[in-house]
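Student: Structure supplied as protein30.txt; contents: compact mmCIF, C-alpha atoms and all ligand atoms.
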# COMPACT_ATOMS: atom_id res chain seq x y z
CA MET A 196 -120.28 25.20 -203.31
CA ASN A 197 -117.84 26.44 -200.72
CA ILE A 198 -117.75 23.50 -198.32
CA ALA A 199 -114.42 22.30 -196.90
CA PRO A 200 -113.61 18.57 -196.84
CA SER A 201 -113.18 16.98 -193.39
CA PRO A 202 -109.54 17.61 -192.31
CA THR A 203 -109.57 14.72 -189.87
CA LEU A 204 -110.32 12.32 -192.68
CA ALA A 205 -107.58 13.97 -194.77
CA VAL A 206 -104.77 13.27 -192.26
CA ASP A 207 -105.99 9.73 -191.84
CA ALA A 208 -105.96 9.27 -195.61
CA LYS A 209 -102.40 10.62 -195.93
CA ALA A 210 -101.19 8.36 -193.10
CA LYS A 211 -102.86 5.34 -194.72
CA GLU A 212 -101.25 6.24 -198.02
CA LEU A 213 -97.77 6.33 -196.44
CA LYS A 214 -98.50 3.06 -194.69
CA ALA A 215 -99.60 1.45 -197.93
CA ALA A 216 -96.30 2.61 -199.45
CA GLY A 217 -94.51 0.56 -196.80
CA GLU A 218 -93.69 3.37 -194.35
CA ASP A 219 -93.79 2.62 -190.62
CA VAL A 220 -96.36 5.25 -189.63
CA CYS A 221 -97.53 5.90 -186.07
CA GLY A 222 -101.10 7.04 -186.60
CA PHE A 223 -102.83 9.15 -183.97
CA GLY A 224 -105.42 10.38 -186.43
CA ALA A 225 -108.10 7.73 -185.97
CA GLY A 226 -111.60 8.98 -185.31
CA GLU A 227 -112.99 5.54 -184.61
CA PRO A 228 -112.47 2.71 -182.10
CA ASP A 229 -109.87 0.15 -183.18
CA PHE A 230 -112.14 -2.69 -181.99
CA ASP A 231 -114.46 -4.87 -184.04
CA THR A 232 -118.24 -4.68 -183.59
CA PRO A 233 -119.31 -7.18 -180.85
CA GLU A 234 -120.21 -10.56 -182.34
CA PHE A 235 -123.79 -10.68 -181.03
CA ILE A 236 -124.57 -7.42 -182.82
CA LYS A 237 -123.14 -8.69 -186.09
CA ALA A 238 -125.07 -11.96 -185.68
CA ALA A 239 -128.38 -10.09 -185.27
CA CYS A 240 -127.71 -8.18 -188.49
CA VAL A 241 -126.81 -11.36 -190.38
CA GLN A 242 -129.99 -12.98 -189.12
CA ALA A 243 -132.05 -10.00 -190.26
CA LEU A 244 -130.51 -10.33 -193.72
CA ALA A 245 -131.29 -14.05 -193.78
CA GLU A 246 -134.88 -13.26 -192.80
CA GLY A 247 -135.25 -10.90 -195.74
CA LYS A 248 -135.18 -7.60 -193.84
CA THR A 249 -133.86 -6.10 -197.03
CA LYS A 250 -136.57 -3.59 -197.95
CA TYR A 251 -137.23 0.05 -197.12
CA ALA A 252 -137.93 0.73 -193.46
CA PRO A 253 -140.13 3.54 -192.12
CA ALA A 254 -138.26 6.84 -192.59
CA PRO A 255 -137.68 7.47 -188.85
CA GLY A 256 -136.46 3.91 -188.24
CA ILE A 257 -137.81 0.47 -187.32
CA PRO A 258 -140.40 0.78 -184.51
CA PRO A 259 -138.74 -1.54 -181.94
CA LEU A 260 -135.45 0.34 -182.19
CA ARG A 261 -137.20 3.70 -181.70
CA GLU A 262 -139.06 2.20 -178.72
CA ALA A 263 -135.80 0.94 -177.24
CA LEU A 264 -134.24 4.37 -177.70
CA ALA A 265 -137.16 6.11 -176.01
CA ALA A 266 -136.91 3.66 -173.10
CA LYS A 267 -133.19 4.38 -172.78
CA TYR A 268 -133.80 8.14 -172.55
CA ARG A 269 -136.62 7.66 -170.05
CA ASP A 270 -134.12 5.67 -167.95
CA GLN A 271 -131.71 8.61 -168.25
CA GLY A 272 -134.35 10.93 -166.82
CA VAL A 273 -136.06 12.37 -169.89
CA ASP A 274 -139.61 11.85 -168.60
CA ASP A 275 -142.41 10.79 -170.91
CA VAL A 276 -140.31 10.69 -174.08
CA THR A 277 -141.96 8.45 -176.71
CA ALA A 278 -140.78 6.57 -179.78
CA ALA A 279 -142.44 9.25 -181.91
CA GLN A 280 -139.70 11.64 -180.76
CA CYS A 281 -136.86 9.31 -181.75
CA VAL A 282 -135.35 9.08 -185.22
CA ILE A 283 -132.74 6.63 -186.53
CA SER A 284 -130.55 8.11 -189.27
CA PRO A 285 -127.60 6.95 -191.39
CA GLY A 286 -124.99 8.07 -188.82
CA GLY A 287 -124.58 10.48 -185.94
CA LYS A 288 -123.10 12.91 -188.43
CA TYR A 289 -126.30 12.83 -190.45
CA SER A 290 -128.34 13.24 -187.27
CA CYS A 291 -126.41 16.48 -186.62
CA TYR A 292 -127.05 17.60 -190.17
CA LEU A 293 -130.78 16.85 -189.89
CA ALA A 294 -131.04 18.72 -186.59
CA ILE A 295 -129.28 21.79 -187.96
CA GLN A 296 -131.28 21.77 -191.20
CA ALA A 297 -134.53 21.40 -189.27
CA VAL A 298 -134.10 24.46 -187.05
CA VAL A 299 -131.64 26.82 -188.77
CA SER A 300 -132.86 29.20 -191.50
CA PRO A 301 -130.71 31.50 -193.67
CA GLY A 302 -129.26 34.31 -191.55
CA ASP A 303 -129.80 32.54 -188.23
CA GLU A 304 -126.89 32.53 -185.81
CA VAL A 305 -125.57 29.34 -184.26
CA ILE A 306 -123.28 29.41 -181.23
CA ILE A 307 -120.51 26.83 -181.38
CA PRO A 308 -117.96 26.40 -178.58
CA ALA A 309 -114.40 25.86 -179.85
CA PRO A 310 -112.47 23.62 -180.05
CA TYR A 311 -115.36 22.15 -182.04
CA TRP A 312 -116.02 19.06 -184.07
CA VAL A 313 -114.99 19.95 -187.62
CA SER A 314 -118.37 19.39 -189.24
CA TYR A 315 -120.54 21.78 -187.21
CA PRO A 316 -119.56 25.06 -188.90
CA GLU A 317 -119.79 23.50 -192.35
CA MET A 318 -123.25 22.12 -191.58
CA VAL A 319 -124.37 25.53 -190.31
CA LYS A 320 -123.10 26.99 -193.59
CA LEU A 321 -125.10 24.39 -195.54
CA ALA A 322 -128.25 25.61 -193.75
CA GLY A 323 -127.41 29.22 -194.60
CA GLY A 324 -126.69 30.01 -190.96
CA VAL A 325 -123.87 32.01 -189.42
CA SER A 326 -121.52 30.39 -186.88
CA LYS A 327 -120.59 32.36 -183.75
CA VAL A 328 -117.57 30.63 -182.28
CA LEU A 329 -116.85 30.82 -178.53
CA PHE A 330 -113.32 29.70 -177.78
CA ALA A 331 -112.29 28.06 -174.50
CA GLY A 332 -108.68 26.88 -174.34
CA ILE A 333 -106.74 24.53 -172.14
CA ASP A 334 -106.65 26.98 -169.20
CA ALA A 335 -110.46 27.04 -169.18
CA GLY A 336 -110.59 23.25 -169.28
CA PHE A 337 -111.91 23.63 -172.85
CA LYS A 338 -115.29 24.65 -171.40
CA ILE A 339 -117.24 27.83 -172.04
CA THR A 340 -119.00 29.63 -169.19
CA PRO A 341 -122.70 30.54 -168.91
CA GLU A 342 -121.64 34.22 -168.95
CA ALA A 343 -119.83 33.80 -172.25
CA LEU A 344 -122.83 32.02 -173.72
CA ARG A 345 -125.21 34.74 -172.53
CA ALA A 346 -123.02 37.46 -173.98
CA ALA A 347 -122.92 35.73 -177.37
CA ILE A 348 -126.69 35.42 -177.75
CA THR A 349 -128.38 37.98 -180.01
CA PRO A 350 -131.97 38.28 -181.31
CA ARG A 351 -130.81 36.30 -184.35
CA THR A 352 -129.46 33.35 -182.35
CA ARG A 353 -131.36 30.18 -183.08
CA LEU A 354 -129.22 27.30 -181.85
CA PHE A 355 -126.45 26.48 -179.38
CA ILE A 356 -124.36 23.37 -180.03
CA ILE A 357 -122.77 21.46 -177.18
CA ASN A 358 -120.68 18.29 -177.44
CA SER A 359 -119.81 16.57 -174.18
CA PRO A 360 -117.71 14.44 -174.01
CA SER A 361 -115.96 16.47 -176.67
CA ASN A 362 -114.26 15.63 -179.91
CA PRO A 363 -111.49 16.90 -180.15
CA THR A 364 -110.67 17.77 -176.52
CA GLY A 365 -112.11 14.84 -174.55
CA ALA A 366 -113.42 17.40 -172.05
CA VAL A 367 -116.60 16.55 -170.14
CA TYR A 368 -118.94 19.17 -168.67
CA SER A 369 -120.24 18.43 -165.17
CA SER A 370 -123.97 18.19 -164.57
CA GLU A 371 -123.93 21.60 -162.85
CA GLU A 372 -122.06 23.21 -165.74
CA LEU A 373 -124.46 21.73 -168.29
CA GLN A 374 -127.42 22.82 -166.23
CA ALA A 375 -126.20 26.41 -166.08
CA LEU A 376 -125.61 26.54 -169.85
CA THR A 377 -129.00 24.95 -170.51
CA GLU A 378 -130.72 27.55 -168.35
CA VAL A 379 -129.12 30.39 -170.30
CA ALA A 380 -130.29 28.88 -173.59
CA LEU A 381 -133.82 28.25 -172.29
CA GLU A 382 -134.11 31.81 -171.00
CA ALA A 383 -133.16 33.08 -174.45
CA GLY A 384 -135.62 30.72 -176.14
CA ILE A 385 -133.05 29.06 -178.40
CA TYR A 386 -132.59 25.42 -179.32
CA ILE A 387 -129.72 23.31 -178.02
CA MET A 388 -128.19 20.53 -180.06
CA SER A 389 -126.50 18.18 -177.61
CA ASP A 390 -124.13 15.82 -179.41
CA GLU A 391 -123.73 12.88 -177.04
CA ILE A 392 -122.04 10.43 -179.37
CA TYR A 393 -119.37 9.73 -176.69
CA GLU A 394 -121.86 9.37 -173.80
CA TYR A 395 -120.48 5.98 -172.71
CA LEU A 396 -116.78 6.73 -173.19
CA LEU A 397 -115.98 8.21 -169.79
CA TYR A 398 -113.09 7.75 -167.34
CA ASP A 399 -112.13 8.64 -163.76
CA GLY A 400 -115.67 7.78 -162.59
CA VAL A 401 -117.22 10.73 -164.44
CA LYS A 402 -120.97 10.40 -165.16
CA HIS A 403 -122.90 11.37 -168.28
CA VAL A 404 -125.94 13.65 -168.10
CA SER A 405 -128.29 14.60 -170.94
CA PRO A 406 -129.38 18.26 -170.90
CA ALA A 407 -132.81 17.07 -172.11
CA SER A 408 -133.26 15.40 -168.70
CA PHE A 409 -133.07 18.64 -166.70
CA SER A 410 -136.71 19.72 -167.06
CA LYS A 411 -139.80 19.57 -169.23
CA GLU A 412 -138.76 22.85 -170.86
CA ALA A 413 -135.30 21.46 -171.56
CA ALA A 414 -136.79 18.35 -173.18
CA GLU A 415 -138.70 20.63 -175.55
CA SER A 416 -135.70 22.71 -176.59
CA VAL A 417 -132.88 20.16 -176.64
CA ILE A 418 -132.22 18.06 -179.72
CA THR A 419 -130.19 15.09 -178.50
CA VAL A 420 -127.93 13.50 -181.08
CA ALA A 421 -126.03 10.27 -180.55
CA GLY A 422 -125.40 6.99 -182.33
CA PHE A 423 -123.89 3.55 -182.35
CA SER A 424 -120.54 4.29 -184.03
CA LYS A 425 -118.31 5.07 -181.05
CA THR A 426 -120.04 3.07 -178.29
CA PHE A 427 -120.25 -0.19 -180.19
CA SER A 428 -117.41 0.17 -182.70
CA MET A 429 -119.98 0.43 -185.49
CA THR A 430 -118.62 3.37 -187.51
CA GLY A 431 -119.09 1.58 -190.84
CA TRP A 432 -122.69 0.63 -190.12
CA ARG A 433 -123.82 4.26 -190.41
CA LEU A 434 -126.41 4.45 -187.66
CA GLY A 435 -127.18 7.62 -185.76
CA THR A 436 -129.94 8.64 -183.40
CA LEU A 437 -131.87 11.81 -182.67
CA MET A 438 -134.39 12.68 -179.98
CA ALA A 439 -136.33 15.93 -179.98
CA ALA A 440 -139.68 17.56 -179.30
CA PRO A 441 -142.44 16.01 -181.45
CA ALA A 442 -142.56 18.90 -183.95
CA VAL A 443 -138.78 18.84 -184.50
CA ALA A 444 -138.73 15.03 -184.77
CA LYS A 445 -141.48 15.31 -187.37
CA ALA A 446 -139.56 17.91 -189.41
CA VAL A 447 -136.41 15.79 -189.20
CA THR A 448 -138.36 12.74 -190.38
CA SER A 449 -139.72 14.65 -193.39
CA LEU A 450 -136.22 15.80 -194.28
CA GLN A 451 -134.90 12.26 -193.96
CA SER A 452 -137.74 10.87 -196.06
CA GLN A 453 -136.78 13.27 -198.87
CA THR A 454 -133.01 12.62 -198.65
CA SER A 455 -131.78 9.28 -197.30
CA SER A 456 -135.26 7.63 -196.94
CA ASN A 457 -134.08 5.54 -193.97
CA ALA A 458 -131.02 4.10 -192.28
CA THR A 459 -130.10 0.68 -193.70
CA THR A 460 -132.85 -1.69 -192.62
CA PHE A 461 -130.87 -4.80 -191.63
CA ALA A 462 -128.23 -2.68 -189.90
CA GLN A 463 -130.94 -1.36 -187.59
CA TYR A 464 -131.57 -4.91 -186.38
CA GLY A 465 -127.95 -5.13 -185.25
CA ALA A 466 -128.43 -1.90 -183.29
CA LEU A 467 -131.65 -3.31 -181.85
CA ALA A 468 -129.70 -6.29 -180.47
CA ALA A 469 -127.22 -3.86 -178.90
CA MET A 470 -130.07 -2.09 -177.12
CA GLU A 471 -132.05 -5.19 -176.14
CA GLN A 472 -129.14 -7.29 -174.96
CA TRP A 473 -127.83 -4.50 -172.80
CA ASP A 474 -125.89 -6.75 -170.40
CA GLN A 475 -123.79 -8.00 -173.28
CA SER A 476 -123.39 -4.46 -174.57
CA LEU A 477 -122.25 -3.21 -171.19
CA ALA A 478 -119.69 -6.00 -170.98
CA ALA A 479 -118.31 -5.07 -174.41
CA ILE A 480 -118.22 -1.37 -173.55
CA LYS A 481 -116.48 -2.08 -170.25
CA GLU A 482 -113.84 -4.17 -171.96
CA MET A 483 -113.17 -1.41 -174.48
CA LEU A 484 -113.07 1.27 -171.78
CA THR A 485 -110.49 -0.65 -169.74
CA VAL A 486 -108.17 -0.68 -172.74
CA PHE A 487 -108.87 2.95 -173.67
CA ASP A 488 -108.27 4.12 -170.11
CA ARG A 489 -104.89 2.41 -169.90
CA ARG A 490 -103.84 3.97 -173.21
CA ARG A 491 -105.22 7.37 -172.20
CA LEU A 492 -103.01 7.51 -169.11
CA PHE A 493 -99.98 6.14 -170.97
CA LEU A 494 -100.31 8.76 -173.72
CA LEU A 495 -101.08 11.53 -171.22
CA GLU A 496 -97.99 10.82 -169.13
CA GLY A 497 -95.84 10.58 -172.21
CA LEU A 498 -97.06 13.91 -173.59
CA GLN A 499 -96.77 15.70 -170.26
CA ALA A 500 -93.14 14.60 -170.06
CA ILE A 501 -92.25 16.39 -173.31
CA ASN A 502 -90.90 19.92 -172.99
CA GLY A 503 -93.05 22.46 -174.82
CA ILE A 504 -96.20 20.33 -174.77
CA GLU A 505 -99.00 21.05 -172.34
CA CYS A 506 -101.69 18.39 -172.04
CA ALA A 507 -104.85 18.24 -169.94
CA ARG A 508 -106.24 15.07 -168.40
CA ALA A 509 -109.25 14.55 -170.67
CA GLN A 510 -111.98 12.41 -169.14
CA GLY A 511 -114.01 11.36 -172.15
CA ALA A 512 -113.98 10.10 -175.75
CA PHE A 513 -110.61 8.76 -176.98
CA TYR A 514 -108.66 11.93 -177.69
CA LEU A 515 -106.07 14.12 -176.03
CA PHE A 516 -105.70 17.70 -177.23
CA PRO A 517 -102.33 19.10 -176.18
CA ASN A 518 -101.26 22.70 -176.60
CA ILE A 519 -98.05 23.08 -178.60
CA GLU A 520 -97.75 26.87 -178.82
CA LYS A 521 -94.46 26.88 -176.91
CA LEU A 522 -92.83 24.86 -179.69
CA GLY A 523 -92.94 27.92 -181.90
CA LEU A 524 -94.61 26.66 -185.07
CA SER A 525 -98.20 26.41 -186.20
CA ALA A 526 -100.11 23.20 -185.60
CA ALA A 527 -100.50 22.74 -189.34
CA ASP A 528 -96.72 23.02 -189.84
CA PHE A 529 -96.07 20.78 -186.87
CA ALA A 530 -98.41 18.10 -188.22
CA ALA A 531 -96.98 18.30 -191.75
CA ARG A 532 -93.37 18.16 -190.57
CA ILE A 533 -93.77 15.37 -188.02
CA LEU A 534 -95.56 13.24 -190.59
CA GLU A 535 -92.77 13.90 -193.08
CA GLU A 536 -89.78 13.66 -190.73
CA GLU A 537 -90.88 11.14 -188.12
CA LYS A 538 -93.86 9.39 -189.76
CA VAL A 539 -96.20 10.37 -186.96
CA ALA A 540 -99.77 11.34 -187.91
CA VAL A 541 -101.56 13.86 -185.70
CA VAL A 542 -104.47 16.14 -186.58
CA PRO A 543 -103.62 19.86 -186.41
CA GLY A 544 -105.97 22.05 -184.36
CA GLU A 545 -106.82 24.60 -187.06
CA GLY A 546 -109.71 22.51 -188.38
CA PHE A 547 -111.19 22.39 -184.88
CA GLY A 548 -111.03 26.17 -184.51
CA ALA A 549 -107.99 25.79 -182.24
CA PRO A 550 -104.67 26.75 -183.80
CA GLY A 551 -101.86 25.97 -181.37
CA TYR A 552 -103.28 22.56 -180.52
CA MET A 553 -103.24 19.10 -182.01
CA ARG A 554 -105.51 16.10 -181.61
CA LEU A 555 -104.13 12.68 -180.77
CA SER A 556 -106.44 9.68 -180.77
CA TYR A 557 -105.56 6.77 -178.51
CA ALA A 558 -107.83 4.44 -180.42
CA THR A 559 -104.63 2.73 -181.51
CA SER A 560 -102.30 0.05 -180.16
CA ASP A 561 -99.96 0.35 -177.18
CA GLU A 562 -97.05 -0.28 -179.55
CA VAL A 563 -98.03 2.66 -181.74
CA ILE A 564 -98.44 4.90 -178.69
CA GLU A 565 -95.07 3.89 -177.28
CA LYS A 566 -93.20 4.31 -180.54
CA GLY A 567 -95.12 7.47 -181.39
CA LEU A 568 -94.25 9.07 -178.07
CA GLU A 569 -90.54 8.36 -178.63
CA ARG A 570 -90.72 9.99 -182.04
CA LEU A 571 -92.71 12.95 -180.72
CA ALA A 572 -90.17 13.52 -177.95
CA ARG A 573 -87.28 13.32 -180.42
CA PHE A 574 -88.97 15.72 -182.83
CA CYS A 575 -89.82 18.29 -180.11
CA LYS A 576 -86.26 18.14 -178.78
CA LYS A 577 -84.98 18.87 -182.27
CA LEU A 578 -87.29 21.91 -182.44
CA GLY A 579 -86.45 23.27 -179.02
C1 LIG B 1 -117.90 10.48 -184.64
C2 LIG B 1 -118.73 11.67 -184.29
C3 LIG B 1 -120.07 11.81 -184.71
C4 LIG B 1 -120.84 10.89 -185.60
O1 LIG B 1 -120.30 9.75 -186.02
P1 LIG B 1 -121.10 8.80 -187.02
O2 LIG B 1 -120.08 7.81 -187.44
O3 LIG B 1 -121.64 9.60 -188.13
O4 LIG B 1 -122.19 8.14 -186.22
C5 LIG B 1 -120.78 12.91 -184.30
N1 LIG B 1 -120.23 13.84 -183.52
C6 LIG B 1 -118.98 13.74 -183.09
C7 LIG B 1 -118.46 14.80 -182.20
C8 LIG B 1 -118.17 12.66 -183.47
O5 LIG B 1 -116.90 12.61 -183.06
Mind converting the file's structure to structure tokens?

Tutor:
Amino acid sequence: MNIAPSPTLAVDAKAKELKAAGEDVCGFGAGEPDFDTPEFIKAACVQALAEGKTKYAPAPGIPPLREALAAKYRDQGVDDVTAAQCVISPGGKYSCYLAIQAVVSPGDEVIIPAPYWVSYPEMVKLAGGVSKVLFAGIDAGFKITPEALRAAITPRTRLFIINSPSNPTGAVYSSEELQALTEVALEAGIYIMSDEIYEYLLYDGVKHVSPASFSKEAAESVITVAGFSKTFSMTGWRLGTLMAAPAVAKAVTSLQSQTSSNATTFAQYGALAAMEQWDQSLAAIKEMLTVFDRRRLFLLEGLQAINGIECARAQGAFYLFPNIEKLGLSAADFAARILEEEKVAVVPGEGFGAPGYMRLSYATSDEVIEKGLERLARFCKKLG
């Protein structure tokens, strides 16, 4: 089968390999928070294990967690959403896969804004669909326009994927921008998959909005995907969420029941604690955001000071996505050479549908950022 391995995981693996061999690597490849899961969440999981919550769970997830999720979305303005519309899966990535499999048939077109998260086009391929990529670079704030979306829709279009805050760019669409895009999709009668895995990782006072909250019609056509990995530093727990219209949620549940059965039962009790003890969760998120924000600005200033690098002030997630076209070599070559010559790991933009760019994660220590910036500056000077 012609499916490409995840390039983000590949760079991370190579950097870890060099590190294991004793090299002093500055890794900007991380796709996960460098914090531990909050203690109270771990404790709830341990307690669930002790209580024997070690058997199969219902395919769509344990009822109280689905209830808590529905309540959260009602709070965010998705009126009348019920637990029956919420599914817990083994990871946000799997939630995306389930959503795409549920609505995309062979030959269907799926519109994906680029730079995109690496897995979307491969998942569309797995469903037999055809990706239609809409590129929006740094000058467009990495955001597509409603006009561009409208122009890309054909009678074969089935799904539009949006990811705000974005991996890899960190860009965040405003409520107005999201509303305009949602309207175009609704008019055309296509589904929207809104990947909101970074919904809580926002800076500069920016607010998150779910497209499903815009109207009753939107709630019926938007499949909202999120999860616990990024918000609660729970990447290894493998817990994702999905909210959709009842018929889609039902199809997704059938698919899950025939593939993964259910997300790990005792892990779901940890996630339940995260939802139910929201004050503690908020405190943990706030603490993490304070650190991320400081690093974001430090890395941003450092990159903007390097000749040949152009970097936008991203307001979400934990990535910056500078343009390096002026340096005169491809992102893939840049990434390979700087890893070899300066032991700095960055992820080249090609895998995100954005040659000429690279992704730097600031989910790493201040020391790594400081040292990495020095090496980056030295390497770029050598090039220019
Ligand atoms: C990390 C990530 C996910 C899913 O992560 P899981 O660990 O599978 O929960 C989904 N979408 C984007 C854009 C991501 O960056």

Student: Would you please work out which residue, of A:Ala331, A:Leu260, A:Ile339, A:Arg351, is nearest to A:Glu304 when using only C-alpha atoms?

Tutor: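 Nearest candidate to A:Glu304 out of A:Ala331, A:Leu260, A:Ile339, A:Arg351: A:Arg351.
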
Student: Any idea what the distance is between atom CA of A:Ala549 and atom CA of A:Glu382?

Tutor: 29.1 Å

Student: Listing only residues of chain A within 10 Å of ligand LIG 1 (chain B), what is the closest atom pair and its distance in Å (to one decimal) for each, using all atoms listed in the file, sorted by chain and residue number ascending, as a tab-separated table?

Tutor:
residue	atom	partner	partner_atom	distance
A:Gly226	CA	B:LIG1	C1	6.5
A:Glu227	CA	B:LIG1	C1	7.0
A:Pro228	CA	B:LIG1	C1	9.8
A:Ser284	CA	B:LIG1	O4	8.9
A:Pro285	CA	B:LIG1	O3	7.3
A:Gly286	CA	B:LIG1	O3	3.7
A:Gly287	CA	B:LIG1	O4	3.4
A:Lys288	CA	B:LIG1	O3	3.6
A:Tyr289	CA	B:LIG1	O3	6.1
A:Ser290	CA	B:LIG1	O3	7.7
A:Cys291	CA	B:LIG1	C5	7.1
A:Tyr292	CA	B:LIG1	C5	9.8
A:Tyr311	CA	B:LIG1	C7	8.0
A:Trp312	CA	B:LIG1	C7	5.3
A:Val313	CA	B:LIG1	C7	8.2
A:Ser314	CA	B:LIG1	N1	8.2
A:Tyr315	CA	B:LIG1	N1	8.8
A:Ile357	CA	B:LIG1	C7	9.4
A:Asn358	CA	B:LIG1	C7	6.3
A:Ser359	CA	B:LIG1	C7	8.3
A:Pro360	CA	B:LIG1	C7	8.2
A:Ser361	CA	B:LIG1	C7	6.3
A:Asn362	CA	B:LIG1	C7	4.9
A:Pro363	CA	B:LIG1	O5	7.5
A:Gly365	CA	B:LIG1	C7	9.9
A:Ser389	CA	B:LIG1	N1	9.6
A:Asp390	CA	B:LIG1	N1	6.0
A:Glu391	CA	B:LIG1	N1	7.4
A:Ile392	CA	B:LIG1	C5	5.7
A:Tyr393	CA	B:LIG1	O5	7.4
A:Val420	CA	B:LIG1	C5	7.9
A:Ala421	CA	B:LIG1	C5	7.0
A:Gly422	CA	B:LIG1	O4	5.2
A:Phe423	CA	B:LIG1	O4	6.2
A:Ser424	CA	B:LIG1	O4	4.7
A:Lys425	CA	B:LIG1	C1	6.5
A:Thr426	CA	B:LIG1	O4	9.7
A:Ser428	CA	B:LIG1	O2	9.4
A:Met429	CA	B:LIG1	O2	7.6
A:Thr430	CA	B:LIG1	O2	4.7
A:Gly431	CA	B:LIG1	O2	7.2
A:Trp432	CA	B:LIG1	O2	8.1
A:Arg433	CA	B:LIG1	O4	5.9
A:Leu434	CA	B:LIG1	O4	5.8
A:Gly435	CA	B:LIG1	O4	5.0
A:Thr436	CA	B:LIG1	O4	8.3
A:Ala512	CA	B:LIG1	O5	8.3
A:Phe513	CA	B:LIG1	O5	9.6
A:Tyr514	CA	B:LIG1	O5	9.9

Student: Could those residues be written to a file, using C-alpha atoms, as a PDB file, keeping the file's coordinate frame?

Tutor:
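Once everything was written out, this is out02.pdb:
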ATOM      1  CA  GLY A 226    -111.600   8.980-185.310  1.00  0.00           C
ATOM      2  CA  GLU A 227    -112.990   5.540-184.610  1.00  0.00           C
ATOM      3  CA  PRO A 228    -112.470   2.710-182.100  1.00  0.00           C
ATOM      4  CA  SER A 284    -130.550   8.110-189.270  1.00  0.00           C
ATOM      5  CA  PRO A 285    -127.600   6.950-191.390  1.00  0.00           C
ATOM      6  CA  GLY A 286    -124.990   8.070-188.820  1.00  0.00           C
ATOM      7  CA  GLY A 287    -124.580  10.480-185.940  1.00  0.00           C
ATOM      8  CA  LYS A 288    -123.100  12.910-188.430  1.00  0.00           C
ATOM      9  CA  TYR A 289    -126.300  12.830-190.450  1.00  0.00           C
ATOM     10  CA  SER A 290    -128.340  13.240-187.270  1.00  0.00           C
ATOM     11  CA  CYS A 291    -126.410  16.480-186.620  1.00  0.00           C
ATOM     12  CA  TYR A 292    -127.050  17.600-190.170  1.00  0.00           C
ATOM     13  CA  TYR A 311    -115.360  22.150-182.040  1.00  0.00           C
ATOM     14  CA  TRP A 312    -116.020  19.060-184.070  1.00  0.00           C
ATOM     15  CA  VAL A 313    -114.990  19.950-187.620  1.00  0.00           C
ATOM     16  CA  SER A 314    -118.370  19.390-189.240  1.00  0.00           C
ATOM     17  CA  TYR A 315    -120.540  21.780-187.210  1.00  0.00           C
ATOM     18  CA  ILE A 357    -122.770  21.460-177.180  1.00  0.00           C
ATOM     19  CA  ASN A 358    -120.680  18.290-177.440  1.00  0.00           C
ATOM     20  CA  SER A 359    -119.810  16.570-174.180  1.00  0.00           C
ATOM     21  CA  PRO A 360    -117.710  14.440-174.010  1.00  0.00           C
ATOM     22  CA  SER A 361    -115.960  16.470-176.670  1.00  0.00           C
ATOM     23  CA  ASN A 362    -114.260  15.630-179.910  1.00  0.00           C
ATOM     24  CA  PRO A 363    -111.490  16.900-180.150  1.00  0.00           C
ATOM     25  CA  GLY A 365    -112.110  14.840-174.550  1.00  0.00           C
ATOM     26  CA  SER A 389    -126.500  18.180-177.610  1.00  0.00           C
ATOM     27  CA  ASP A 390    -124.130  15.820-179.410  1.00  0.00           C
ATOM     28  CA  GLU A 391    -123.730  12.880-177.040  1.00  0.00           C
ATOM     29  CA  ILE A 392    -122.040  10.430-179.370  1.00  0.00           C
ATOM     30  CA  TYR A 393    -119.370   9.730-176.690  1.00  0.00           C
ATOM     31  CA  VAL A 420    -127.930  13.500-181.080  1.00  0.00           C
ATOM     32  CA  ALA A 421    -126.030  10.270-180.550  1.00  0.00           C
ATOM     33  CA  GLY A 422    -125.400   6.990-182.330  1.00  0.00           C
ATOM     34  CA  PHE A 423    -123.890   3.550-182.350  1.00  0.00           C
ATOM     35  CA  SER A 424    -120.540   4.290-184.030  1.00  0.00           C
ATOM     36  CA  LYS A 425    -118.310   5.070-181.050  1.00  0.00           C
ATOM     37  CA  THR A 426    -120.040   3.070-178.290  1.00  0.00           C
ATOM     38  CA  SER A 428    -117.410   0.170-182.700  1.00  0.00           C
ATOM     39  CA  MET A 429    -119.980   0.430-185.490  1.00  0.00           C
ATOM     40  CA  THR A 430    -118.620   3.370-187.510  1.00  0.00           C
ATOM     41  CA  GLY A 431    -119.090   1.580-190.840  1.00  0.00           C
ATOM     42  CA  TRP A 432    -122.690   0.630-190.120  1.00  0.00           C
ATOM     43  CA  ARG A 433    -123.820   4.260-190.410  1.00  0.00           C
ATOM     44  CA  LEU A 434    -126.410   4.450-187.660  1.00  0.00           C
ATOM     45  CA  GLY A 435    -127.180   7.620-185.760  1.00  0.00           C
ATOM     46  CA  THR A 436    -129.940   8.640-183.400  1.00  0.00           C
ATOM     47  CA  ALA A 512    -113.980  10.100-175.750  1.00  0.00           C
ATOM     48  CA  PHE A 513    -110.610   8.760-176.980  1.00  0.00           C
ATOM     49  CA  TYR A 514    -108.660  11.930-177.690  1.00  0.00           C
TER      50      TYR A 514
END

Student: Name the residues in contact with A:Leu381 at a cut-off of 12 Å, using all atoms listed in the file, excluding same-chain residues fewer than 2 positions from it; report them as an MDAnalysis selection string.

Tutor: chainID A and resid 341 344:345 348 353:355 374:379 383:387 406:407 409:417

Student: If you measure from atom CA of A:Ala297 to atom CA of A:Pro350, what distance in Å do you get, rounded to one decimal?

Tutor: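 Rounded to one decimal, the two atoms are 18.8 Å apart.
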
Student: Pick from A:Ala215, A:Leu264, A:Cys221, A:Ala509: nearest to A:Ser560, with all atoms listed in the file counted?

Tutor: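 Selected residue with least distance to A:Ser560: A:Cys221.
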